[in-house]
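One structure is given below, encoded as C-alpha cells.
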Amino acid sequence: MNADTTHGNILIANAIKDRRESSLEKISNRFGGGLLTSMSMCVLAFLYLPITVLIAFSFNDSRILSLPWRGFTWRWYEALFANADLQQAIWNSIYVGLIATLITVIIGVPAAFALDRYNFPGKTLFRRFVLLPIALPGIITGVAMLNMFSTLGINLSLETVIMGHATALVSVVATQVFARLQRINRSMEEASADLGAKPWQTFWYVTLPNIRSAIVGSALLAFTLSFDEIPVTFFLIGRENTLPMYIYSTLRRGITPEINAVGTLIILASLGLIILSVWLLHDDRKKR
Amino acid sequence: MRLATRRKLLQASVLSAPLLWTFLFLFLPYMILTTYSFYEKKFPTFVPAFQFGNYYQLISDPQYYQVIFRSGWIGGLTAICALLLAYPFCYFLVFVVKSARVRLALYMAVIIPLWVSYLLRAYTWKTILGYEGILNSFLVWAGFLSEPTDIFIYNKFSMVLTLTYIFIPFTVMPIYTSLEKIPRNLIEASKDLGAGSFLTFLKVTLPLSMPGVIAGMTFTFCLTSGDFLAPFLVGGPDGFLIANVMITQFGAALNWPLGSALSIIMLIVVLTIISLSDRFQRAGRLDLG
C-alpha cells in the first residue's frame with residue numbers, strides 16, 4: 001500500500017469520525033470527561049483531606065480535636081520535645097530500621113542474584129518463601145516468628161523485632177533488585193570477564209553501578225516500612241517501644257493533639273526520604 | 001575444571017546467606033506454627049499433641065467462624081469500594097490527562113500516602129468520625145445538627161471507609177499499569193468500526209484491564225482481611241476481624257494452639273486466593289493473543 005492511499009484512508013476515517021462525534025457522541029464524551037475529572041478530584045480530596053486535617057490539628061490550641069478553630073499554637077510540639085518516652089521510642093525505631101534495612105540488603109541482594117542467575121535444587125520453594133511475606137498479612141509472619149522464638153527460649157527485645165522486620169522486608173529488596181537484574185544487559189559483564197576481570201571486579205565495576213539505584217531505592221523503602229511497622233512488631237516487641245507501638249499504646253488511653261504533632265513530623269520526614277530517593281535515582285540516571 | 005569448581009564455590013557463597021536466612025526465619029517458623037496448631041490447650045498453657053481439636057473449634061464455634069466470615073465480608077466490601085474509586089481515577093489518568101508530567105504527578109499523589117504511617121492514616125479517621133470528632137463538631141457548629149451523632153463511627157461504615165482509605169493505593173497501582181498497557185490502536189479500531197465510547201469501554205478497555213482489576217482487588221482483600229488496626233480504632237463492639245482474634249489468643253486468652261490454627265487457616269485462604277487470582281490474570285492475558 002502506498003503512502004497516498006494510507007493518507008487518503010486516514011482522511012476518510014477522520015471525516016467519518018468527525019461526523020459521528022459531532023452529534024450526540026461529542027456531548028456525551030464531554031459530559032463523561034467532566035464526570036471523570038470531578039470524580040478523580042474527589043478521589044484526590046479523599047486521599048489528602050484527612051492528611052491535611054491531621055497536620056492542621058497539630059497546631060490547634062485545644063486538647064480536644066474539634067471545630068471551631070481555637071487558634072494557633074506550638075504547644076503540642078513543645079510537649080513532644082519534653083516527652084522522654086517518645087524520644088526513646090523514636091531512637092529505638094531508628095535503630096531497628098537501620099539494622100533491619102542493612103540486613104535486608106545483605107540478604108536481599110544475593111537472594112535476587114540467586115533468583116536471577118543460579119539454578120539449584122529447591123529454587124522454586126526458595127522463591128516462594130522469600131516472596132511470601134509480601135503477599136501475607138504481616139501478622140502471620142509475626143505470629144510464626146513469635147512461636148519460633150518462644151520455642152527456642154529467646155527473650156523478646158528490639159533485636160527480635162529487627163529479625164522480624166528484616167524477614168518481612170527482604171522480599172521488598174529482593175523483588176526490586178531482581179526486577180533490575182532482569183533488565184540489565186548481560187553482555188557488559190561477559191565483556192568484563194573476557195577482558196580478564198575477576199568475578200568480584202566485574203561485580204564491583206560493572207554490575208553494581210547498574211543495580212545501585214534499585215538497591216538504594218528499595219533500602220529507603222524498607223527503612224520507611226520498618227519505621228512504620230506494626231503487625232510484626234506487635235508480637236515480637238519486648239519492654240522497649242518502637243515509635244508506632246508507642247503511638248498505639250498512647251491511643252489506648254485516648255486521642256491527644258500530641259499524636260498529630262508526631263504525625264506531622266513523620267510526614268515531613270517521609271517526604272524528605274521520598275525527595276532524597278527521587279534525587280538519588282535522578283542523579284544516577286544523569287550519569288549513565 | 002578448576003574454573004567450574006570456583007564458580008560452584010562462588011555460587012555457594014552467594015547463596016548461603018539468603019538460604020540460611022530463609023530456612024531459619026521463614027521455613028522453620030511456619031513449620032513450628034503448623035506444629036503448634038495441633039497442640040492442646042491445658043491450663044495454664046498448652047501441651048504437645050497431635051489432634052485437630054483447634055481446627056474443629058474454629059469451624060464449629062460461631063464465635064470464631066463468624067469472625068472469619070466477617071473478615072471476608074469486610075475485605076470484599078473494601079475491595080469493591082476501592083475498585084469503584086480507583087478505576088475511574090486510573091481511567092482518567094491514562095485516557096483523559098494529556099500531559100505525561102501531570103499524569104506522573106497525579107499517580108505519585110496516590111502512591112505517596114503509602115509512605116505516610118499506616119497507623120496515622122487510620123488514627124486520623126478516628127479523630128474525624130468520632131462522637132466529639134471533627135465532622136460532628138463541624139456539623140453542630142454549622143447548624144446542621146443540634147447535637148453530635150454516633151452514626152459515623154464504630155460500625156461497618158467507618159471500618160470500610162478507613163480500610164478503603166488505607167489500601168486504595170494498592171488497588172490503583174495494578175489497574176493503572178494494566179490500563180496503560182492497552183494498545184491505543186485497539187481502542188481506535190473499535191471506534192472506527194462504529195462503536196461508541198461506552199461500547200468501546202465495555203468491549204475493549206474493560207476486558208483488557210481485568211488482570212489489573214483482579215490483582216488490585218486481591219491485594220486489597222488480603223490486606224484488609226488481615227488488618228487489626230482499623231477494628232481497634234474505628235470498629236464497633238462486634239467489629240473484630242481475624243487478626244484481632246489472633247491477638248487475643250496470643251495475648252489475654254493465652255491459647256497459642258488456637259491462635260496458630262487460625263493463622264494456618266488464614267495462610268491457606270490467602271494463598272488460595274492469590275493463586276486463583278494469578279490464574280485468572282493469566283487467563284486474562286491470553287485473551288490479548
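Chain labels follow the order of the C-alpha cells: the first chain is A, the next B, and so on; residue numbering restarts at 1 in every chain, and ligands are counted from 1 in their shown order.
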Please, which residues in chain B fall within 6 Å of chain A when counting only C-alpha atoms, and what is the closest atom pair and distance in Å to one decimal for each, ordered by chain then residue number, as CSV?
```
residue,atom,partner,partner_atom,distance
B:Val14,CA,A:Pro110,CA,5.7
B:Pro18,CA,A:Ile107,CA,5.1
B:Pro29,CA,A:Ala144,CA,4.9
B:Tyr30,CA,A:Ala144,CA,5.7
B:Leu33,CA,A:Ala144,CA,5.4
B:Phe89,CA,A:Ser40,CA,4.8
B:Val116,CA,A:Ile267,CA,5.7
B:Ser117,CA,A:Asp228,CA,5.5
B:Thr124,CA,A:Leu54,CA,5.9
B:Gly133,CA,A:Ser66,CA,5.5
B:Ile134,CA,A:Ser66,CA,4.5
B:Ser137,CA,A:Leu67,CA,5.3
B:Phe138,CA,A:Leu67,CA,5.5
B:Leu223,CA,A:Pro137,CA,5.9
B:Gly226,CA,A:Pro137,CA,5.3
```
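Summary of the local environment: counting only C-alpha atoms, residues at most 12 Å from A:Thr73, other than itself and those fewer than 4 positions away along its chain, are Ala56, Phe57, Ser58, Phe59, Asn60, Asp61, Ser62, Arg63, Trp69, Tyr77, Glu78, Ala79, Pro257, Glu258 and Ala261 of chain A.
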For this session: Find the spatial neighbours of B:Lys42, counting only C-alpha atoms, within a cut-off of 12 Å - ignore same-chain residues fewer than 4 positions away - and output them as a PyMOL selection string.
Result: chain B and resi 46-49+254-258
Dump of N, CA and C atoms for the selected residues, as a short mmCIF file (atom, residue, chain, number, x, y, z; two decimals), in the first residue's frame:
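Contents of out_37.cif, freshly written:
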```
data_model
loop_
_atom_site.label_atom_id
_atom_site.label_comp_id
_atom_site.auth_asym_id
_atom_site.auth_seq_id
_atom_site.Cartn_x
_atom_site.Cartn_y
_atom_site.Cartn_z
N PHE B 46 -0.27 -24.89 77.44
CA PHE B 46 -0.68 -25.91 76.47
C PHE B 46 0.36 -27.03 76.44
N VAL B 47 -0.04 -28.19 75.91
CA VAL B 47 0.87 -29.34 75.87
C VAL B 47 0.97 -29.86 74.44
N PRO B 48 2.13 -30.46 74.08
CA PRO B 48 2.27 -31.03 72.74
C PRO B 48 1.24 -32.14 72.51
N ALA B 49 0.70 -32.15 71.31
CA ALA B 49 -0.26 -33.20 70.96
C ALA B 49 -0.40 -33.19 69.45
N LEU B 254 -4.28 -16.54 76.07
CA LEU B 254 -3.16 -17.46 76.22
C LEU B 254 -3.44 -18.83 75.60
N ASN B 255 -4.10 -18.82 74.45
CA ASN B 255 -4.37 -20.09 73.77
C ASN B 255 -3.61 -20.08 72.45
N TRP B 256 -2.30 -20.30 72.54
CA TRP B 256 -1.47 -20.26 71.34
C TRP B 256 -1.86 -21.29 70.31
N PRO B 257 -2.20 -22.53 70.72
CA PRO B 257 -2.58 -23.52 69.69
C PRO B 257 -3.74 -23.04 68.82
N LEU B 258 -4.78 -22.45 69.48
CA LEU B 258 -5.93 -21.98 68.70
C LEU B 258 -5.52 -20.82 67.80
#
```
For this session: From a DSSP pass on the backbone, collect the residues of stretch 21-119 of chain A flagged as helix (DSSP H, G or I) and hand them back as a ChimeraX atom specification.
Result: /A:21-56,75-81,84-117
